[in-house]
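See structure below.
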Amino acid sequence: MKTSARTEKIRKILRTRYTDVKTQLEYNNPFELLVATILSAQCTDKQVNKVTDNLFRKLKTPHDFATAPVEIIEKLIKSTGYFRNKAKNIQNCSRSIVENYEGRVPKNLEDLTKLPGVGRKTANVVLGAAFGIPGIVVDTHVSRIAQRLNLSDNKDPVKIEFDLMKIIPEKEWNDFCLHLIYFGREICRARKPLCNDCPVTKLCDYKDKTM
DNA sequence: CTCCCGATAT
DNA sequence: ATATCAGGAG
């Protein structure tokens with residue numbers, strides 16, 4: 001089967017299975033989403049929501065985060081892991097937003113990725129969810145599934161990003177990645193993927209070796 | 001490449 | 001005990 005036809009079928013199956021997808025992160029504005037996404041590195045969304053609920057009650061604006069003692073931020077986000085790096089990054093990120101962007105989260109990839117602690121994955125999450133700007137979000141799920149479904153031969157996240165950009169219509173970029181993420185959590189899990197329950201198994205050559 | 005790092009599932 | 005969780009920086 002041609003790659004495009006196979007990709008089309010995969011997209012359709014996932015689209016049908018997962019309607020109305022969105023990030024599980026809880027936020028009230030672009031800045032909160034940025035902070036929540038930085039916190040979500042190597043951490044579940046659920047765990048992030050647990051701390052941001054309280055965090056955003058104590059600290060609201062970029063200015064609040066820029067001027068708070070970093071130890072306070074560390075304490076508030078500790079349970080998300082990597083708390084020293086994340087606290088420092090969130091603070092420096094907030095300072096940059098205050099100093100360089102008039103207190104507003106920039107709306108383009110180039111400026112976003114200049115912020116400390118913000119890579120392409122985080123930037124694309126914010127662009128997509130907060131501003132409706134299309135982007136391919138390559139996280140651990142997207143990376144894993146792109147390889148299992150043979151949508152990309154590459155292991156480098158940036159190369160995967162560009163591979164997917166070529167085979168997915170731009171308007172679908174955000175939803176497609178969310179579909180893969182939902183699919184990755186439910187079926188195509190890192191450990192013990194549920195190949196027997198998989199809706200795209202006929203389009204997939206990957207077979208779970210642990211079964 | 002290594003380091004950062006707590007919570008959870010298996 | 002170990003792998004993994006919507007990664008990024010040095």
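Just remember, in the structure tokens the first chain shown is A, the second B, etc., residues are 1-based per chain, and ligands are 1-based in the order shown.
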
Using only C-alpha atoms (C1' of nucleotides), find each residue in chain B having at least one atom no more than 7 Å away from chain A; report its shortest atom-to-atom pair and that distance in Å (one decimal), rows by chain then rising number, as CSV.
```
residue,atom,partner,partner_atom,distance
B:DC4,C1',A:Tyr82,CA,5.3
B:DC5,C1',A:Tyr82,CA,4.5
B:DG6,C1',A:Gly81,CA,4.4
```

For those residues, write N, CA and C atoms (P, O5', C5', C4', C3', O3' and C1' of nucleotides) to a file as a PDB file, in the first residue's frame.
```pdb
ATOM      1  P    DC B   4      22.648  15.449  38.606  1.00  0.00           P
ATOM      2  O5'  DC B   4      21.219  16.140  38.423  1.00  0.00           O
ATOM      3  C5'  DC B   4      21.143  17.529  38.078  1.00  0.00           C
ATOM      4  C4'  DC B   4      19.779  17.800  37.485  1.00  0.00           C
ATOM      5  C3'  DC B   4      18.597  17.387  38.398  1.00  0.00           C
ATOM      6  O3'  DC B   4      17.735  18.478  38.532  1.00  0.00           O
ATOM      7  C1'  DC B   4      18.263  16.680  36.190  1.00  0.00           C
ATOM      8  P    DC B   5      17.105  18.856  39.928  1.00  0.00           P
ATOM      9  O5'  DC B   5      16.048  17.678  40.103  1.00  0.00           O
ATOM     10  C5'  DC B   5      16.284  16.616  40.957  1.00  0.00           C
ATOM     11  C4'  DC B   5      15.050  15.775  40.950  1.00  0.00           C
ATOM     12  C3'  DC B   5      15.117  14.554  41.872  1.00  0.00           C
ATOM     13  O3'  DC B   5      13.862  14.417  42.505  1.00  0.00           O
ATOM     14  C1'  DC B   5      14.478  13.884  39.730  1.00  0.00           C
ATOM     15  P    DG B   6      13.786  13.785  43.963  1.00  0.00           P
ATOM     16  O5'  DG B   6      12.219  13.670  44.230  1.00  0.00           O
ATOM     17  C5'  DG B   6      11.374  14.793  43.959  1.00  0.00           C
ATOM     18  C4'  DG B   6      10.013  14.324  43.498  1.00  0.00           C
ATOM     19  C3'  DG B   6       9.445  13.157  44.298  1.00  0.00           C
ATOM     20  O3'  DG B   6       8.057  13.397  44.499  1.00  0.00           O
ATOM     21  C1'  DG B   6       9.557  12.554  42.003  1.00  0.00           C
TER      22       DG B   6
END
```

Proximity check chain C to chain A, 6 Å, nearest pairs one decimal Å, only C-alpha atoms (C1' of nucleotides), as JSON lines:
```
{"residue": "C:DC5", "atom": "C1'", "partner": "A:Cys43", "partner_atom": "CA", "distance": 4.5}
{"residue": "C:DA6", "atom": "C1'", "partner": "A:Asp139", "partner_atom": "CA", "distance": 5.6}
{"residue": "C:DG7", "atom": "C1'", "partner": "A:Ala41", "partner_atom": "CA", "distance": 4.8}
{"residue": "C:DG8", "atom": "C1'", "partner": "A:Gly117", "partner_atom": "CA", "distance": 5.7}
```

Shell around Lys2 (chain A) at 12 Å using only C-alpha atoms (C1' of nucleotides), local window under 3 positions removed, as a ChimeraX atom specification: /A:5-9,151,167,203
